[in-house]
>>> print(open('start.txt').read())   # compact mmCIF, N, CA and C atoms
# COMPACT_ATOMS: atom_id res chain seq x y z
N MET O 130 99.09 67.79 80.37
CA MET O 130 97.66 67.68 80.31
C MET O 130 97.26 66.60 79.35
N GLY O 131 97.59 65.66 78.97
CA GLY O 131 97.38 64.64 78.00
C GLY O 131 96.18 64.68 77.07
N ARG O 132 95.22 65.57 77.27
CA ARG O 132 94.05 65.59 76.40
C ARG O 132 94.31 66.50 75.21
N GLY O 133 94.10 65.98 74.00
CA GLY O 133 94.29 66.77 72.80
C GLY O 133 92.96 67.27 72.26
N TRP O 134 93.01 68.00 71.14
CA TRP O 134 91.84 68.62 70.56
C TRP O 134 91.16 67.76 69.50
N SER O 135 91.77 66.68 69.08
CA SER O 135 91.19 65.83 68.06
C SER O 135 89.88 65.22 68.56
N GLY O 136 88.82 65.34 67.77
CA GLY O 136 87.53 64.77 68.13
C GLY O 136 86.73 65.60 69.12
N CYS O 137 87.20 66.77 69.46
CA CYS O 137 86.48 67.64 70.40
C CYS O 137 85.41 68.45 69.67
N ARG O 138 84.47 69.00 70.44
CA ARG O 138 83.49 69.91 69.85
C ARG O 138 83.16 71.01 70.85
N ALA O 139 82.77 72.14 70.31
CA ALA O 139 82.37 73.28 71.12
C ALA O 139 80.87 73.18 71.39
N VAL O 140 80.48 73.45 72.63
CA VAL O 140 79.08 73.37 73.04
C VAL O 140 78.74 74.63 73.85
N PRO O 141 77.75 75.42 73.39
CA PRO O 141 77.38 76.62 74.14
C PRO O 141 76.45 76.32 75.31
N GLY O 142 76.61 77.07 76.40
CA GLY O 142 75.67 77.08 77.51
C GLY O 142 75.28 75.74 78.09
N ILE O 143 76.21 74.87 78.32
CA ILE O 143 75.91 73.55 78.88
C ILE O 143 76.29 73.53 80.37
N ASN O 144 75.60 72.74 81.16
CA ASN O 144 75.92 72.58 82.57
C ASN O 144 77.22 71.80 82.71
N VAL O 145 78.15 72.33 83.48
CA VAL O 145 79.40 71.62 83.76
C VAL O 145 79.38 71.25 85.24
N ARG O 146 79.42 69.95 85.49
CA ARG O 146 79.41 69.46 86.87
C ARG O 146 80.85 69.47 87.38
N LEU O 147 81.11 70.38 88.33
CA LEU O 147 82.44 70.49 88.92
C LEU O 147 82.61 69.51 90.08
N THR O 148 81.56 69.39 90.90
CA THR O 148 81.52 68.44 92.02
C THR O 148 80.09 67.92 92.08
N GLU O 149 79.83 67.05 93.02
CA GLU O 149 78.47 66.52 93.19
C GLU O 149 77.45 67.62 93.44
N ARG O 150 77.87 68.70 94.09
CA ARG O 150 76.94 69.75 94.48
C ARG O 150 77.14 71.07 93.74
N ARG O 151 78.04 71.11 92.78
CA ARG O 151 78.32 72.39 92.14
C ARG O 151 78.30 72.25 90.61
N LEU O 152 77.48 73.09 89.99
CA LEU O 152 77.41 73.20 88.53
C LEU O 152 77.73 74.64 88.13
N LEU O 153 78.38 74.80 87.00
CA LEU O 153 78.54 76.10 86.38
C LEU O 153 78.03 75.99 84.94
N ILE O 154 77.60 77.11 84.39
CA ILE O 154 77.17 77.13 83.00
C ILE O 154 78.03 78.16 82.26
N PRO O 155 79.17 77.72 81.71
CA PRO O 155 79.99 78.66 80.96
C PRO O 155 79.30 79.06 79.66
N ASP O 156 79.75 80.15 79.06
CA ASP O 156 79.16 80.59 77.79
C ASP O 156 79.45 79.59 76.68
N LEU O 157 80.59 78.92 76.75
CA LEU O 157 80.98 77.93 75.75
C LEU O 157 81.99 76.98 76.38
N VAL O 158 81.91 75.72 76.02
CA VAL O 158 82.94 74.76 76.44
C VAL O 158 83.37 73.96 75.23
N VAL O 159 84.60 73.49 75.27
CA VAL O 159 85.09 72.50 74.32
C VAL O 159 85.19 71.21 75.10
N VAL O 160 84.44 70.20 74.63
CA VAL O 160 84.37 68.92 75.35
C VAL O 160 85.08 67.83 74.56
N THR O 161 85.50 66.82 75.30
CA THR O 161 86.21 65.69 74.69
C THR O 161 85.30 64.50 74.42
N CYS O 162 83.99 64.68 74.60
CA CYS O 162 83.01 63.61 74.35
C CYS O 162 82.08 64.08 73.23
N PRO O 163 82.57 64.16 71.99
CA PRO O 163 81.83 64.80 70.91
C PRO O 163 80.59 64.08 70.42
N GLY O 164 80.48 62.79 70.63
CA GLY O 164 79.37 62.06 70.05
C GLY O 164 78.12 62.01 70.89
N GLU O 165 78.13 62.59 72.06
CA GLU O 165 77.01 62.48 72.98
C GLU O 165 76.10 63.68 72.91
N ASP O 166 74.78 63.46 73.11
CA ASP O 166 73.85 64.56 73.32
C ASP O 166 73.97 64.95 74.77
N LEU O 167 74.29 66.20 75.01
CA LEU O 167 74.65 66.60 76.36
C LEU O 167 73.67 67.59 76.97
N VAL O 168 73.29 67.34 78.20
CA VAL O 168 72.56 68.28 79.02
C VAL O 168 73.54 68.86 80.04
N TYR O 169 74.41 68.00 80.53
CA TYR O 169 75.51 68.42 81.38
C TYR O 169 76.70 67.55 81.06
N VAL O 170 77.86 68.01 81.49
CA VAL O 170 79.09 67.29 81.25
C VAL O 170 79.94 67.38 82.50
N SER O 171 80.70 66.35 82.76
CA SER O 171 81.63 66.36 83.88
C SER O 171 82.81 67.27 83.54
N ALA O 172 83.34 67.94 84.54
CA ALA O 172 84.51 68.79 84.33
C ALA O 172 85.67 68.00 83.74
N ALA O 173 85.72 66.71 84.00
CA ALA O 173 86.79 65.86 83.46
C ALA O 173 86.72 65.77 81.93
N ASP O 174 85.56 66.06 81.34
CA ASP O 174 85.40 66.02 79.89
C ASP O 174 85.54 67.39 79.24
N VAL O 175 85.85 68.41 80.03
CA VAL O 175 85.99 69.77 79.50
C VAL O 175 87.46 70.08 79.27
N LEU O 176 87.78 70.47 78.05
CA LEU O 176 89.14 70.86 77.71
C LEU O 176 89.32 72.36 77.86
N LEU O 177 88.28 73.14 77.50
CA LEU O 177 88.34 74.59 77.55
C LEU O 177 86.98 75.13 78.00
N ALA O 178 86.98 76.02 78.98
CA ALA O 178 85.77 76.73 79.39
C ALA O 178 85.94 78.18 78.99
N VAL O 179 84.89 78.77 78.40
CA VAL O 179 84.93 80.16 77.95
C VAL O 179 83.85 80.94 78.69
N GLU O 180 84.25 82.06 79.26
CA GLU O 180 83.31 82.97 79.91
C GLU O 180 83.44 84.33 79.24
N ILE O 181 82.31 84.91 78.88
CA ILE O 181 82.27 86.26 78.31
C ILE O 181 81.74 87.18 79.40
N GLU O 182 82.57 88.12 79.81
CA GLU O 182 82.21 89.01 80.91
C GLU O 182 81.08 89.95 80.54
N SER O 183 80.27 90.23 81.53
CA SER O 183 79.29 91.31 81.45
C SER O 183 79.51 92.13 82.72
N PRO O 184 78.96 93.33 82.78
CA PRO O 184 79.16 94.12 84.01
C PRO O 184 78.72 93.37 85.27
N SER O 185 77.68 92.58 85.18
CA SER O 185 77.18 91.87 86.36
C SER O 185 77.99 90.61 86.70
N SER O 186 78.80 90.10 85.77
CA SER O 186 79.54 88.85 86.02
C SER O 186 81.05 89.03 86.09
N LYS O 187 81.53 90.24 85.94
CA LYS O 187 82.97 90.50 85.83
C LYS O 187 83.77 89.92 87.00
N ILE O 188 83.39 90.22 88.22
CA ILE O 188 84.13 89.73 89.40
C ILE O 188 84.01 88.22 89.51
N THR O 189 82.81 87.69 89.31
CA THR O 189 82.59 86.25 89.40
C THR O 189 83.43 85.51 88.37
N ASP O 190 83.44 85.99 87.11
CA ASP O 190 84.20 85.33 86.05
C ASP O 190 85.71 85.40 86.30
N ARG O 191 86.18 86.56 86.75
CA ARG O 191 87.63 86.75 86.93
C ARG O 191 88.19 86.06 88.16
N LEU O 192 87.39 85.93 89.21
CA LEU O 192 87.91 85.37 90.46
C LEU O 192 87.31 84.02 90.81
N LEU O 193 86.00 83.99 91.07
CA LEU O 193 85.37 82.77 91.56
C LEU O 193 85.39 81.65 90.53
N LYS O 194 84.91 81.91 89.32
CA LYS O 194 84.87 80.84 88.31
C LYS O 194 86.27 80.38 87.95
N ARG O 195 87.20 81.29 87.87
CA ARG O 195 88.60 80.93 87.60
C ARG O 195 89.08 79.92 88.64
N GLN O 196 88.83 80.19 89.90
CA GLN O 196 89.24 79.30 90.98
C GLN O 196 88.52 77.95 90.90
N LEU O 197 87.22 77.99 90.65
CA LEU O 197 86.44 76.74 90.59
C LEU O 197 86.85 75.86 89.42
N TYR O 198 87.09 76.45 88.24
CA TYR O 198 87.56 75.66 87.10
C TYR O 198 88.94 75.06 87.38
N ALA O 199 89.80 75.82 88.03
CA ALA O 199 91.13 75.31 88.38
C ALA O 199 91.02 74.13 89.35
N GLU O 200 90.17 74.27 90.36
CA GLU O 200 89.98 73.17 91.33
C GLU O 200 89.42 71.93 90.66
N ALA O 201 88.64 72.11 89.58
CA ALA O 201 88.07 70.97 88.84
C ALA O 201 89.02 70.45 87.76
N ASN O 202 90.21 71.02 87.67
CA ASN O 202 91.24 70.60 86.71
C ASN O 202 90.85 70.77 85.25
N VAL O 203 90.11 71.84 84.94
CA VAL O 203 89.82 72.17 83.54
C VAL O 203 91.11 72.78 82.98
N PRO O 204 91.71 72.16 81.95
CA PRO O 204 93.03 72.57 81.49
C PRO O 204 93.15 74.00 80.98
N TYR O 205 92.09 74.53 80.34
CA TYR O 205 92.18 75.87 79.76
C TYR O 205 90.92 76.66 80.08
N TYR O 206 91.13 77.96 80.30
CA TYR O 206 90.04 78.89 80.60
C TYR O 206 90.27 80.12 79.75
N LEU O 207 89.26 80.53 79.01
CA LEU O 207 89.35 81.72 78.18
C LEU O 207 88.36 82.73 78.71
N LEU O 208 88.85 83.87 79.12
CA LEU O 208 88.04 84.95 79.67
C LEU O 208 88.01 86.07 78.64
N VAL O 209 86.80 86.43 78.18
CA VAL O 209 86.65 87.43 77.13
C VAL O 209 85.91 88.63 77.70
N SER O 210 86.51 89.80 77.50
CA SER O 210 85.86 91.06 77.85
C SER O 210 85.46 91.72 76.54
N PRO O 211 84.16 91.77 76.23
CA PRO O 211 83.73 92.26 74.92
C PRO O 211 83.76 93.78 74.76
N ALA O 212 84.08 94.51 75.83
CA ALA O 212 84.16 95.98 75.73
C ALA O 212 85.29 96.36 74.78
N ALA O 213 85.09 97.41 74.01
CA ALA O 213 86.11 97.83 73.05
C ALA O 213 87.29 98.47 73.78
N PRO O 214 88.52 98.12 73.46
CA PRO O 214 88.87 97.03 72.57
C PRO O 214 88.67 95.68 73.26
N VAL O 215 88.35 94.69 72.48
CA VAL O 215 88.12 93.35 73.00
C VAL O 215 89.41 92.85 73.67
N GLU O 216 89.24 92.28 74.85
CA GLU O 216 90.38 91.69 75.55
C GLU O 216 90.05 90.23 75.82
N ALA O 217 90.93 89.35 75.41
CA ALA O 217 90.75 87.93 75.67
C ALA O 217 91.98 87.44 76.42
N THR O 218 91.75 86.75 77.51
CA THR O 218 92.85 86.22 78.31
C THR O 218 92.76 84.71 78.30
N GLN O 219 93.78 84.09 77.76
CA GLN O 219 93.85 82.64 77.72
C GLN O 219 94.63 82.18 78.95
N LEU O 220 94.05 81.27 79.69
CA LEU O 220 94.67 80.77 80.91
C LEU O 220 94.92 79.28 80.75
N GLU O 221 96.07 78.86 81.19
CA GLU O 221 96.41 77.43 81.15
C GLU O 221 96.68 76.95 82.57
N LEU O 222 96.11 75.82 82.92
CA LEU O 222 96.29 75.26 84.25
C LEU O 222 97.70 74.68 84.38
N THR O 223 98.44 75.20 85.35
CA THR O 223 99.80 74.74 85.60
C THR O 223 99.98 74.64 87.11
N ASP O 224 100.30 73.45 87.59
CA ASP O 224 100.49 73.22 89.02
C ASP O 224 99.29 73.69 89.85
N GLY O 225 98.08 73.42 89.35
CA GLY O 225 96.86 73.74 90.08
C GLY O 225 96.40 75.18 90.00
N GLU O 226 97.11 76.02 89.24
CA GLU O 226 96.74 77.43 89.09
C GLU O 226 96.75 77.81 87.63
N TYR O 227 95.90 78.78 87.27
CA TYR O 227 95.92 79.30 85.91
C TYR O 227 96.98 80.37 85.77
N ARG O 228 97.64 80.36 84.64
CA ARG O 228 98.64 81.38 84.31
C ARG O 228 98.07 82.23 83.19
N ASP O 229 98.20 83.56 83.32
CA ASP O 229 97.66 84.51 82.35
C ASP O 229 98.57 84.66 81.13
N HIS O 230 97.91 84.82 79.97
CA HIS O 230 98.60 85.15 78.72
C HIS O 230 97.70 86.10 77.94
N PRO O 231 97.55 87.39 78.40
CA PRO O 231 96.61 88.30 77.73
C PRO O 231 97.11 88.77 76.38
N GLN O 232 96.18 88.94 75.47
CA GLN O 232 96.46 89.50 74.14
C GLN O 232 95.31 90.44 73.82
N ARG O 233 95.62 91.59 73.23
CA ARG O 233 94.59 92.57 72.91
C ARG O 233 94.62 92.91 71.43
N SER O 234 93.45 93.17 70.89
CA SER O 234 93.34 93.71 69.54
C SER O 234 91.88 94.07 69.32
N ARG O 235 91.58 94.63 68.18
CA ARG O 235 90.18 94.93 67.87
C ARG O 235 89.37 93.64 67.80
N LYS O 236 89.94 92.64 67.17
CA LYS O 236 89.31 91.33 67.07
C LYS O 236 90.34 90.30 67.47
N THR O 237 89.96 89.40 68.34
CA THR O 237 90.85 88.35 68.80
C THR O 237 90.19 87.02 68.49
N HIS O 238 90.93 86.13 67.90
CA HIS O 238 90.38 84.85 67.46
C HIS O 238 91.09 83.70 68.16
N LEU O 239 90.34 82.72 68.60
CA LEU O 239 90.92 81.47 69.07
C LEU O 239 90.76 80.50 67.91
N ARG O 240 91.83 80.25 67.23
CA ARG O 240 91.77 79.36 66.06
C ARG O 240 92.00 77.92 66.49
N PRO O 241 91.43 76.98 65.76
CA PRO O 241 91.57 75.58 66.16
C PRO O 241 92.95 75.01 65.91
N SER O 242 93.80 75.75 65.20
CA SER O 242 95.15 75.24 64.97
C SER O 242 95.92 75.22 66.28
N LEU O 243 96.80 74.27 66.41
CA LEU O 243 97.56 74.08 67.64
C LEU O 243 99.04 74.23 67.38
N ARG O 244 99.75 74.62 68.41
CA ARG O 244 101.20 74.62 68.32
C ARG O 244 101.66 73.18 68.48
N GLY O 245 102.90 72.92 68.22
CA GLY O 245 103.44 71.58 68.31
C GLY O 245 103.28 70.96 69.68
N ASP O 246 103.19 71.77 70.74
CA ASP O 246 103.06 71.23 72.09
C ASP O 246 101.61 70.97 72.47
N ARG O 247 100.67 71.10 71.52
CA ARG O 247 99.25 70.75 71.67
C ARG O 247 98.47 71.74 72.53
N ARG O 248 98.98 72.96 72.73
CA ARG O 248 98.23 73.97 73.46
C ARG O 248 97.54 74.89 72.47
N PRO O 249 96.31 75.32 72.77
CA PRO O 249 95.64 76.27 71.87
C PRO O 249 96.33 77.61 71.98
N ARG O 250 96.09 78.46 71.00
CA ARG O 250 96.75 79.75 71.01
C ARG O 250 95.79 80.80 70.49
N LEU O 251 95.82 81.96 71.11
CA LEU O 251 95.03 83.09 70.66
C LEU O 251 95.79 83.78 69.56
N LEU O 252 95.12 84.02 68.45
CA LEU O 252 95.73 84.75 67.35
C LEU O 252 94.94 86.02 67.14
N SER O 253 95.62 87.14 67.20
CA SER O 253 94.94 88.43 67.07
C SER O 253 95.06 88.96 65.67
N GLY O 254 94.07 89.73 65.26
CA GLY O 254 94.12 90.36 63.96
C GLY O 254 92.74 90.49 63.35
N LYS O 255 92.73 90.93 62.13
CA LYS O 255 91.45 91.10 61.43
C LYS O 255 90.90 89.76 61.01
N SER O 256 89.61 89.70 60.85
CA SER O 256 88.96 88.46 60.41
C SER O 256 89.51 88.05 59.07
N PRO O 257 89.70 86.72 58.84
CA PRO O 257 90.23 86.27 57.55
C PRO O 257 89.26 86.52 56.43
>>> encode(input="start.txt", output="structure tokens")
Amino acid sequence: MGRGWSGCRAVPGINVRLTERRLLIPDLVVVTCPGEDLVYVSAADVLLAVEIESPSSKITDRLLKRQLYAEANVPYYLLVSPAAPVEATQLELTDGEYRDHPQRSRKTHLRPSLRGDRRPRLLSGKSP
């Protein structure tokens, strides 16, 4: 995936243009164009899309949005279920499909630190 996290920024509730006719509004995105004032961003500029499930969006977030982000080549997708205990599933795009790596705890944090291979990692535990 050649895009790294240096110079990226997190942006809440922004329009992500997946195709000419399709937009999604994730709860949070990490974009690779940090210096711009954004109303919408191309999927090509999204490194991570985050969706926080609600009862009304659970199926859409788990199935439809997952598929649409994969088709748009968004490298990482984080799906958060805020029901106790909090469940966060980090997905990485591999060969056109997301692969699951679920981790559970009372509090789950996505820290900005990276492993040597430049992939983000979910770290579980109590708040620092």
>>> residues_around(input="start.txt", residues="Gly142 of chain O", least_positions_apart="4", cutoff="7 Å", atoms="only C-alpha atoms", output="count of residues only")
4
>>> atom_distance(input="start.txt", atom1="atom N of Lys187 of chain O", atom2="atom CA of Glu149 of chain O")
25.0 Å
>>> residues_around(input="start.txt", residues="Tyr206 of chain O", least_positions_apart="4", cutoff="8 Å", atoms="all atoms listed in the file", output="list of chain:residue names")
O:Leu176, O:Leu177, O:Ala178, O:Val179, O:Glu180, O:Arg195, O:Tyr198, O:Thr218, O:Gln219, O:Leu220, O:Glu221, O:Leu222, O:Tyr227
>>> atom_distance(input="start.txt", atom1="atom N of Ser186 of chain O", atom2="atom C of Val160 of chain O")
25.7 Å
>>> atom_distance(input="start.txt", atom1="atom CA of Glu182 of chain O", atom2="atom C of Leu207 of chain O")
9.1 Å
>>> residues_around(input="start.txt", residues="Pro184 of chain O", least_positions_apart="6", cutoff="12 Å", atoms="only C-alpha atoms", output="PyMOL selection string")
chain O and resi 190-191+210-212
>>> select_by_dssp(input="start.txt", residues="segment 174-234 of chain O", states="alpha helix (DSSP H)", output="CSV table (one decimal) with N, CA and C atoms, keeping the file's coordinate frame")
chain,number,residue,atom,x,y,z
O,187,LYS,N,81.5,90.2,85.9
O,187,LYS,CA,83.0,90.5,85.8
O,187,LYS,C,83.8,89.9,87.0
O,188,ILE,N,83.4,90.2,88.2
O,188,ILE,CA,84.1,89.7,89.4
O,188,ILE,C,84.0,88.2,89.5
O,195,ARG,N,87.2,81.3,87.9
O,195,ARG,CA,88.6,80.9,87.6
O,195,ARG,C,89.1,79.9,88.6
O,196,GLN,N,88.8,80.2,89.9
O,196,GLN,CA,89.2,79.3,91.0
O,196,GLN,C,88.5,78.0,90.9
O,197,LEU,N,87.2,78.0,90.6
O,197,LEU,CA,86.4,76.7,90.6
O,197,LEU,C,86.8,75.9,89.4
O,198,TYR,N,87.1,76.4,88.2
O,198,TYR,CA,87.6,75.7,87.1
O,198,TYR,C,88.9,75.1,87.4
O,199,ALA,N,89.8,75.8,88.0
O,199,ALA,CA,91.1,75.3,88.4
O,199,ALA,C,91.0,74.1,89.4
O,200,GLU,N,90.2,74.3,90.4
O,200,GLU,CA,90.0,73.2,91.3
O,200,GLU,C,89.4,71.9,90.7
>>> closest_residue(input="start.txt", among="O:Ala139, O:Val159, O:Ile181, O:Leu147", to="Asn202 of chain O", atoms="all atoms listed in the file")
O:Leu147
>>> closest_residue(input="start.txt", among="O:Val203, O:Leu192, O:Thr148, O:Gly225", to="Asp174 of chain O", atoms="only N, CA and C atoms")
O:Val203
>>> closest_residue(input="start.txt", among="O:Leu152, O:Glu226, O:Gly136, O:Ser171", to="Glu200 of chain O", atoms="all atoms listed in the file")
O:Glu226
